[in-house]
file start25.cif (mmCIF, N, CA and C atoms)
data_entry
loop_
_atom_site.label_atom_id
_atom_site.label_comp_id
_atom_site.auth_asym_id
_atom_site.auth_seq_id
_atom_site.Cartn_x
_atom_site.Cartn_y
_atom_site.Cartn_z
N MET Q 1 -9.61 4.93 -25.87
CA MET Q 1 -9.04 3.63 -26.09
C MET Q 1 -8.14 3.27 -24.91
N LYS Q 2 -8.26 2.07 -24.42
CA LYS Q 2 -7.51 1.61 -23.26
C LYS Q 2 -6.13 1.12 -23.70
N LYS Q 3 -5.12 1.42 -22.87
CA LYS Q 3 -3.77 0.96 -23.17
C LYS Q 3 -3.67 -0.55 -23.02
N LEU Q 4 -2.90 -1.16 -23.89
CA LEU Q 4 -2.69 -2.60 -23.79
C LEU Q 4 -1.64 -2.93 -22.74
N PHE Q 5 -0.59 -2.13 -22.70
CA PHE Q 5 0.49 -2.39 -21.76
C PHE Q 5 0.64 -1.19 -20.84
N ARG Q 6 0.86 -1.49 -19.59
CA ARG Q 6 1.02 -0.44 -18.59
C ARG Q 6 2.36 -0.60 -17.93
N ASN Q 7 2.95 0.51 -17.57
CA ASN Q 7 4.24 0.51 -16.91
C ASN Q 7 4.04 0.38 -15.39
N TYR Q 8 4.64 -0.62 -14.80
CA TYR Q 8 4.51 -0.83 -13.35
C TYR Q 8 5.82 -0.51 -12.64
N ASN Q 9 6.54 0.47 -13.14
CA ASN Q 9 7.75 0.96 -12.49
C ASN Q 9 7.37 2.19 -11.68
N TYR Q 10 7.73 2.19 -10.41
CA TYR Q 10 7.36 3.29 -9.53
C TYR Q 10 8.61 3.91 -8.93
N LYS Q 11 8.58 5.21 -8.81
CA LYS Q 11 9.68 5.93 -8.17
C LYS Q 11 9.12 6.55 -6.89
N PHE Q 12 9.27 5.82 -5.80
CA PHE Q 12 8.77 6.26 -4.50
C PHE Q 12 9.84 7.10 -3.81
N ASP Q 13 9.42 8.12 -3.07
CA ASP Q 13 10.38 8.85 -2.25
C ASP Q 13 10.55 8.14 -0.91
N LYS Q 14 11.42 8.67 -0.06
CA LYS Q 14 11.75 7.99 1.20
C LYS Q 14 10.54 7.80 2.10
N ASN Q 15 9.69 8.81 2.18
CA ASN Q 15 8.51 8.71 3.04
C ASN Q 15 7.53 7.66 2.52
N ASP Q 16 7.36 7.62 1.20
CA ASP Q 16 6.46 6.63 0.61
C ASP Q 16 6.98 5.22 0.87
N ILE Q 17 8.28 5.04 0.72
CA ILE Q 17 8.87 3.71 0.95
C ILE Q 17 8.68 3.30 2.40
N LYS Q 18 8.89 4.22 3.30
CA LYS Q 18 8.73 3.92 4.73
C LYS Q 18 7.29 3.54 5.06
N MET Q 19 6.33 4.29 4.51
CA MET Q 19 4.91 3.98 4.74
C MET Q 19 4.55 2.64 4.13
N LEU Q 20 5.01 2.37 2.91
CA LEU Q 20 4.68 1.12 2.24
C LEU Q 20 5.32 -0.08 2.93
N LYS Q 21 6.53 0.08 3.44
CA LYS Q 21 7.16 -1.02 4.19
C LYS Q 21 6.35 -1.35 5.43
N THR Q 22 5.97 -0.32 6.16
CA THR Q 22 5.16 -0.53 7.36
C THR Q 22 3.83 -1.17 7.01
N PHE Q 23 3.21 -0.71 5.94
CA PHE Q 23 1.93 -1.25 5.50
C PHE Q 23 2.07 -2.73 5.12
N CYS Q 24 3.11 -3.06 4.36
CA CYS Q 24 3.31 -4.46 3.95
C CYS Q 24 3.59 -5.36 5.15
N LYS Q 25 4.38 -4.89 6.10
CA LYS Q 25 4.66 -5.68 7.30
C LYS Q 25 3.39 -5.93 8.11
N GLN Q 26 2.56 -4.91 8.24
CA GLN Q 26 1.30 -5.07 8.97
C GLN Q 26 0.38 -6.04 8.25
N SER Q 27 0.31 -5.92 6.94
CA SER Q 27 -0.55 -6.83 6.17
C SER Q 27 -0.06 -8.26 6.30
N LEU Q 28 1.25 -8.45 6.24
CA LEU Q 28 1.80 -9.80 6.37
C LEU Q 28 1.50 -10.40 7.74
N LYS Q 29 1.60 -9.59 8.79
CA LYS Q 29 1.29 -10.09 10.13
C LYS Q 29 -0.15 -10.58 10.23
N GLN Q 30 -1.05 -9.89 9.55
CA GLN Q 30 -2.47 -10.22 9.64
C GLN Q 30 -2.84 -11.46 8.83
N ILE Q 31 -2.20 -11.68 7.69
CA ILE Q 31 -2.66 -12.74 6.80
C ILE Q 31 -1.69 -13.90 6.67
N GLU Q 32 -0.55 -13.84 7.34
CA GLU Q 32 0.49 -14.84 7.12
C GLU Q 32 0.09 -16.25 7.53
N GLY Q 33 -0.66 -16.41 8.58
CA GLY Q 33 -0.96 -17.74 9.07
C GLY Q 33 -2.06 -18.47 8.31
N ASP Q 34 -2.81 -17.78 7.50
CA ASP Q 34 -3.96 -18.36 6.81
C ASP Q 34 -3.58 -18.82 5.41
N ASN Q 35 -3.89 -20.07 5.08
CA ASN Q 35 -3.54 -20.62 3.77
C ASN Q 35 -4.40 -20.05 2.64
N LYS Q 36 -5.55 -19.45 2.97
CA LYS Q 36 -6.40 -18.86 1.94
C LYS Q 36 -5.71 -17.69 1.25
N PHE Q 37 -4.82 -17.02 1.98
CA PHE Q 37 -4.19 -15.81 1.47
C PHE Q 37 -2.76 -16.06 0.99
N TYR Q 38 -2.50 -17.25 0.48
CA TYR Q 38 -1.14 -17.59 0.06
C TYR Q 38 -0.61 -16.65 -1.02
N SER Q 39 -1.44 -16.34 -2.02
CA SER Q 39 -0.97 -15.47 -3.11
C SER Q 39 -0.72 -14.04 -2.61
N GLU Q 40 -1.55 -13.56 -1.69
CA GLU Q 40 -1.35 -12.22 -1.13
C GLU Q 40 -0.06 -12.17 -0.31
N VAL Q 41 0.18 -13.22 0.48
CA VAL Q 41 1.40 -13.27 1.29
C VAL Q 41 2.62 -13.26 0.38
N ARG Q 42 2.57 -14.06 -0.67
CA ARG Q 42 3.68 -14.10 -1.61
C ARG Q 42 3.90 -12.74 -2.28
N SER Q 43 2.82 -12.08 -2.66
CA SER Q 43 2.92 -10.77 -3.30
C SER Q 43 3.48 -9.72 -2.35
N PHE Q 44 2.98 -9.68 -1.12
CA PHE Q 44 3.46 -8.67 -0.18
C PHE Q 44 4.90 -8.93 0.25
N ARG Q 45 5.31 -10.17 0.34
CA ARG Q 45 6.72 -10.47 0.63
C ARG Q 45 7.61 -9.97 -0.52
N SER Q 46 7.17 -10.20 -1.73
CA SER Q 46 7.92 -9.74 -2.89
C SER Q 46 8.01 -8.21 -2.92
N ILE Q 47 6.91 -7.55 -2.64
CA ILE Q 47 6.89 -6.08 -2.61
C ILE Q 47 7.84 -5.58 -1.54
N LEU Q 48 7.81 -6.20 -0.37
CA LEU Q 48 8.67 -5.80 0.73
C LEU Q 48 10.14 -5.98 0.37
N GLU Q 49 10.48 -7.09 -0.27
CA GLU Q 49 11.86 -7.31 -0.71
C GLU Q 49 12.30 -6.25 -1.71
N LYS Q 50 11.41 -5.89 -2.62
CA LYS Q 50 11.75 -4.87 -3.62
C LYS Q 50 11.91 -3.50 -2.98
N LEU Q 51 11.10 -3.20 -1.97
CA LEU Q 51 11.23 -1.92 -1.27
C LEU Q 51 12.52 -1.88 -0.45
N ASP Q 52 12.91 -3.02 0.11
CA ASP Q 52 14.14 -3.09 0.90
C ASP Q 52 15.41 -3.07 0.05
N SER Q 53 15.28 -3.33 -1.24
CA SER Q 53 16.45 -3.42 -2.10
C SER Q 53 17.18 -2.10 -2.22
N GLY Q 54 16.50 -0.99 -2.03
CA GLY Q 54 17.14 0.32 -2.11
C GLY Q 54 17.27 0.85 -3.52
N ASP Q 55 16.65 0.19 -4.49
CA ASP Q 55 16.69 0.67 -5.87
C ASP Q 55 15.90 1.97 -5.99
N GLU Q 56 16.32 2.79 -6.95
CA GLU Q 56 15.63 4.06 -7.16
C GLU Q 56 14.26 3.84 -7.78
N ILE Q 57 14.19 2.92 -8.73
CA ILE Q 57 12.92 2.60 -9.38
C ILE Q 57 12.50 1.20 -8.97
N ILE Q 58 11.29 1.09 -8.42
CA ILE Q 58 10.75 -0.19 -7.96
C ILE Q 58 9.90 -0.77 -9.09
N LYS Q 59 10.25 -1.96 -9.53
CA LYS Q 59 9.51 -2.62 -10.61
C LYS Q 59 8.60 -3.68 -10.00
N LEU Q 60 7.31 -3.45 -10.09
CA LEU Q 60 6.33 -4.40 -9.58
C LEU Q 60 5.67 -5.11 -10.75
N THR Q 61 5.17 -6.30 -10.47
CA THR Q 61 4.38 -7.00 -11.47
C THR Q 61 2.96 -6.43 -11.45
N LYS Q 62 2.18 -6.79 -12.44
CA LYS Q 62 0.80 -6.32 -12.50
C LYS Q 62 0.01 -6.80 -11.29
N ASP Q 63 0.22 -8.06 -10.91
CA ASP Q 63 -0.47 -8.65 -9.77
C ASP Q 63 -0.09 -7.92 -8.47
N GLU Q 64 1.20 -7.67 -8.27
CA GLU Q 64 1.65 -6.98 -7.06
C GLU Q 64 1.09 -5.56 -7.01
N SER Q 65 1.14 -4.88 -8.12
CA SER Q 65 0.63 -3.51 -8.17
C SER Q 65 -0.86 -3.46 -7.86
N THR Q 66 -1.61 -4.37 -8.44
CA THR Q 66 -3.06 -4.41 -8.23
C THR Q 66 -3.39 -4.72 -6.77
N LYS Q 67 -2.72 -5.71 -6.21
CA LYS Q 67 -2.99 -6.08 -4.81
C LYS Q 67 -2.61 -4.96 -3.85
N LEU Q 68 -1.48 -4.30 -4.10
CA LEU Q 68 -1.06 -3.20 -3.25
C LEU Q 68 -2.05 -2.05 -3.34
N LYS Q 69 -2.47 -1.70 -4.55
CA LYS Q 69 -3.42 -0.60 -4.74
C LYS Q 69 -4.74 -0.91 -4.05
N ASN Q 70 -5.25 -2.13 -4.23
CA ASN Q 70 -6.53 -2.49 -3.62
C ASN Q 70 -6.45 -2.49 -2.09
N GLN Q 71 -5.37 -3.01 -1.54
CA GLN Q 71 -5.22 -3.03 -0.08
C GLN Q 71 -5.09 -1.61 0.47
N LEU Q 72 -4.36 -0.74 -0.23
CA LEU Q 72 -4.25 0.64 0.21
C LEU Q 72 -5.61 1.33 0.20
N LYS Q 73 -6.39 1.10 -0.84
CA LYS Q 73 -7.73 1.71 -0.92
C LYS Q 73 -8.65 1.20 0.17
N GLN Q 74 -8.60 -0.11 0.44
CA GLN Q 74 -9.43 -0.67 1.51
C GLN Q 74 -9.01 -0.12 2.87
N ASN Q 75 -7.72 0.00 3.09
CA ASN Q 75 -7.23 0.54 4.35
C ASN Q 75 -7.63 2.01 4.49
N LEU Q 76 -7.59 2.75 3.41
CA LEU Q 76 -7.99 4.15 3.44
C LEU Q 76 -9.48 4.28 3.79
N GLN Q 77 -10.31 3.43 3.21
CA GLN Q 77 -11.74 3.45 3.54
C GLN Q 77 -11.97 3.11 5.01
N TYR Q 78 -11.24 2.13 5.52
CA TYR Q 78 -11.37 1.75 6.92
C TYR Q 78 -10.97 2.90 7.84
N LEU Q 79 -9.87 3.57 7.51
CA LEU Q 79 -9.41 4.69 8.34
C LEU Q 79 -10.42 5.84 8.33
N LYS Q 80 -11.02 6.09 7.18
CA LYS Q 80 -12.03 7.15 7.11
C LYS Q 80 -13.24 6.82 7.95
N LYS Q 81 -13.62 5.55 7.96
CA LYS Q 81 -14.75 5.11 8.78
C LYS Q 81 -14.41 5.22 10.27
N GLU Q 82 -13.21 4.83 10.63
CA GLU Q 82 -12.79 4.91 12.03
C GLU Q 82 -12.62 6.35 12.50
N LEU Q 83 -12.28 7.24 11.58
CA LEU Q 83 -12.12 8.65 11.92
C LEU Q 83 -13.41 9.24 12.47
N LEU Q 84 -14.53 8.82 11.92
CA LEU Q 84 -15.82 9.34 12.37
C LEU Q 84 -16.16 8.90 13.78
N LYS Q 85 -15.67 7.73 14.20
CA LYS Q 85 -16.00 7.18 15.52
C LYS Q 85 -15.01 7.60 16.61
N SER Q 86 -13.86 8.13 16.21
CA SER Q 86 -12.77 8.32 17.17
C SER Q 86 -12.86 9.65 17.91
N TRP Q 87 -12.04 9.73 18.96
CA TRP Q 87 -11.95 10.93 19.77
C TRP Q 87 -10.82 11.80 19.26
N PHE Q 88 -10.57 12.89 19.97
CA PHE Q 88 -9.68 13.95 19.51
C PHE Q 88 -8.28 13.46 19.14
N LEU Q 89 -7.59 12.78 20.03
CA LEU Q 89 -6.21 12.37 19.79
C LEU Q 89 -6.11 11.36 18.64
N LYS Q 90 -7.02 10.40 18.62
CA LYS Q 90 -7.03 9.43 17.53
C LYS Q 90 -7.35 10.09 16.20
N LYS Q 91 -8.21 11.12 16.23
CA LYS Q 91 -8.54 11.82 14.98
C LYS Q 91 -7.31 12.45 14.37
N ILE Q 92 -6.45 12.99 15.20
CA ILE Q 92 -5.22 13.61 14.70
C ILE Q 92 -4.35 12.55 14.01
N LEU Q 93 -4.19 11.40 14.64
CA LEU Q 93 -3.39 10.33 14.06
C LEU Q 93 -4.02 9.78 12.78
N TYR Q 94 -5.33 9.57 12.81
CA TYR Q 94 -6.02 9.04 11.64
C TYR Q 94 -5.95 10.01 10.45
N ARG Q 95 -6.10 11.30 10.72
CA ARG Q 95 -6.03 12.28 9.63
C ARG Q 95 -4.66 12.26 8.97
N SER Q 96 -3.62 12.14 9.77
CA SER Q 96 -2.27 12.08 9.22
C SER Q 96 -2.09 10.84 8.34
N MET Q 97 -2.55 9.70 8.83
CA MET Q 97 -2.43 8.46 8.04
C MET Q 97 -3.28 8.52 6.77
N ILE Q 98 -4.47 9.07 6.88
CA ILE Q 98 -5.35 9.20 5.71
C ILE Q 98 -4.69 10.07 4.65
N LYS Q 99 -4.10 11.16 5.09
CA LYS Q 99 -3.43 12.07 4.15
C LYS Q 99 -2.26 11.36 3.46
N GLN Q 100 -1.46 10.61 4.22
CA GLN Q 100 -0.31 9.92 3.64
C GLN Q 100 -0.74 8.84 2.65
N TYR Q 101 -1.71 8.03 3.03
CA TYR Q 101 -2.19 6.97 2.13
C TYR Q 101 -2.83 7.56 0.88
N SER Q 102 -3.64 8.59 1.03
CA SER Q 102 -4.28 9.18 -0.15
C SER Q 102 -3.25 9.83 -1.07
N ASN Q 103 -2.19 10.41 -0.52
CA ASN Q 103 -1.13 10.97 -1.36
C ASN Q 103 -0.43 9.88 -2.16
N ILE Q 104 -0.15 8.75 -1.54
CA ILE Q 104 0.50 7.64 -2.24
C ILE Q 104 -0.40 7.12 -3.36
N ILE Q 105 -1.67 6.95 -3.06
CA ILE Q 105 -2.61 6.44 -4.06
C ILE Q 105 -2.74 7.42 -5.23
N GLU Q 106 -2.91 8.70 -4.93
CA GLU Q 106 -3.09 9.68 -6.00
C GLU Q 106 -1.83 9.86 -6.83
N LYS Q 107 -0.69 9.84 -6.18
CA LYS Q 107 0.57 10.10 -6.89
C LYS Q 107 1.00 8.92 -7.78
N HIS Q 108 0.77 7.70 -7.31
CA HIS Q 108 1.35 6.55 -8.01
C HIS Q 108 0.34 5.61 -8.65
N PHE Q 109 -0.87 5.51 -8.13
CA PHE Q 109 -1.78 4.46 -8.58
C PHE Q 109 -3.00 4.95 -9.35
N VAL Q 110 -3.21 6.23 -9.46
CA VAL Q 110 -4.34 6.75 -10.22
C VAL Q 110 -3.87 6.93 -11.66
N VAL Q 111 -4.64 6.40 -12.58
CA VAL Q 111 -4.28 6.47 -14.00
C VAL Q 111 -4.73 7.78 -14.60
#
call {"tool": "encode", "arguments": {"input": "start25.cif", "output": "structure tokens"}}
result
Amino acid sequence: MKKLFRNYNYKFDKNDIKMLKTFCKQSLKQIEGDNKFYSEVRSFRSILEKLDSGDEIIKLTKDESTKLKNQLKQNLQYLKKELLKSWFLKKILYRSMIKQYSNIIEKHFVV
């Protein structure tokens, strides 16, 4: 049986917050100028403000949580694809990023 209500309160550690802030800033840079992505821009700005607040528990809305999870998964898939094409030094960097993103997804967003 599926739960009717889900808790969208997350307790991120310092490294997770740092990675998510960087991720949100990069996403905002890419989609900010396009009017098609107005809801995504609004969601990522809200997430960034909540991460910057310094609260121990970050309370996201369902929409923010879903968009963040989907963007993280898409970015993880992209990094895995780029890992296969890259050379030695880039592979080291990509592996580190893949590990960090997959840890965040597994720890906080997998039900």
call {"tool": "closest_residue", "arguments": {"input": "start25.cif", "among": "Q:Thr22, Q:Gln77, Q:Lys69, Q:Glu82", "to": "Phe109 in chain Q", "atoms": "only N, CA and C atoms"}}
result
Q:Lys69
call {"tool": "atom_distance", "arguments": {"input": "start25.cif", "atom1": "atom C of Tyr94 in chain Q", "atom2": "CA of Phe23 in chain Q"}}
result
14.6 Å
call {"tool": "atom_distance", "arguments": {"input": "start25.cif", "atom1": "atom C of Gly54 in chain Q", "atom2": "atom C of Met97 in chain Q"}}
result
24.2 Å
call {"tool": "select_by_dssp", "arguments": {"input": "start25.cif", "residues": "chain Q", "states": "strand (DSSP E)", "output": "list in words"}}
result
Asn9, Tyr10, Ile58 and Lys59 of chain Q
call {"tool": "closest_residue", "arguments": {"input": "start25.cif", "among": "Q:Leu79, Q:Ile58, Q:Val110, Q:Leu68", "to": "Val41 in chain Q", "atoms": "only C-alpha atoms"}}
result
Q:Leu68
call {"tool": "closest_residue", "arguments": {"input": "start25.cif", "among": "Q:Ser65, Q:Ser39, Q:Asn75, Q:Asn70", "to": "Arg6 in chain Q", "atoms": "only C-alpha atoms"}}
result
Q:Ser65
call {"tool": "residues_around", "arguments": {"input": "start25.cif", "residues": "Ile17 in chain Q", "least_positions_apart": "2", "cutoff": "10 Å", "atoms": "only C-alpha atoms", "output": "compact mmCIF listing (two decimals) with N, CA and C atoms, in the frame of the given file"}}
result
# COMPACT_ATOMS: atom_id res chain seq x y z
N LYS Q 11 8.58 5.21 -8.81
CA LYS Q 11 9.68 5.93 -8.17
C LYS Q 11 9.12 6.55 -6.89
N PHE Q 12 9.27 5.82 -5.80
CA PHE Q 12 8.77 6.26 -4.50
C PHE Q 12 9.84 7.10 -3.81
N ASP Q 13 9.42 8.12 -3.07
CA ASP Q 13 10.38 8.85 -2.25
C ASP Q 13 10.55 8.14 -0.91
N LYS Q 14 11.42 8.67 -0.06
CA LYS Q 14 11.75 7.99 1.20
C LYS Q 14 10.54 7.80 2.10
N ASN Q 15 9.69 8.81 2.18
CA ASN Q 15 8.51 8.71 3.04
C ASN Q 15 7.53 7.66 2.52
N MET Q 19 6.33 4.29 4.51
CA MET Q 19 4.91 3.98 4.74
C MET Q 19 4.55 2.64 4.13
N LEU Q 20 5.01 2.37 2.91
CA LEU Q 20 4.68 1.12 2.24
C LEU Q 20 5.32 -0.08 2.93
N LYS Q 21 6.53 0.08 3.44
CA LYS Q 21 7.16 -1.02 4.19
C LYS Q 21 6.35 -1.35 5.43
N THR Q 22 5.97 -0.32 6.16
CA THR Q 22 5.16 -0.53 7.36
C THR Q 22 3.83 -1.17 7.01
N PHE Q 23 3.21 -0.71 5.94
CA PHE Q 23 1.93 -1.25 5.50
C PHE Q 23 2.07 -2.73 5.12
N LEU Q 48 7.81 -6.20 -0.37
CA LEU Q 48 8.67 -5.80 0.73
C LEU Q 48 10.14 -5.98 0.37
N LEU Q 51 11.10 -3.20 -1.97
CA LEU Q 51 11.23 -1.92 -1.27
C LEU Q 51 12.52 -1.88 -0.45
N ASP Q 52 12.91 -3.02 0.11
CA ASP Q 52 14.14 -3.09 0.90
C ASP Q 52 15.41 -3.07 0.05
N GLY Q 54 16.50 -0.99 -2.03
CA GLY Q 54 17.14 0.32 -2.11
C GLY Q 54 17.27 0.85 -3.52
N ILE Q 58 11.29 1.09 -8.42
CA ILE Q 58 10.75 -0.19 -7.96
C ILE Q 58 9.90 -0.77 -9.09
N ILE Q 104 -0.15 8.75 -1.54
CA ILE Q 104 0.50 7.64 -2.24
C ILE Q 104 -0.40 7.12 -3.36
call {"tool": "atom_distance", "arguments": {"input": "start25.cif", "atom1": "atom C of Asp55 in chain Q", "atom2": "atom N of Lys18 in chain Q"}}
result
11.9 Å
call {"tool": "closest_residue", "arguments": {"input": "start25.cif", "among": "Q:Lys85, Q:Lys29, Q:Asn9, Q:Leu76", "to": "Ile98 in chain Q", "atoms": "all atoms listed in the file"}}
result
Q:Leu76
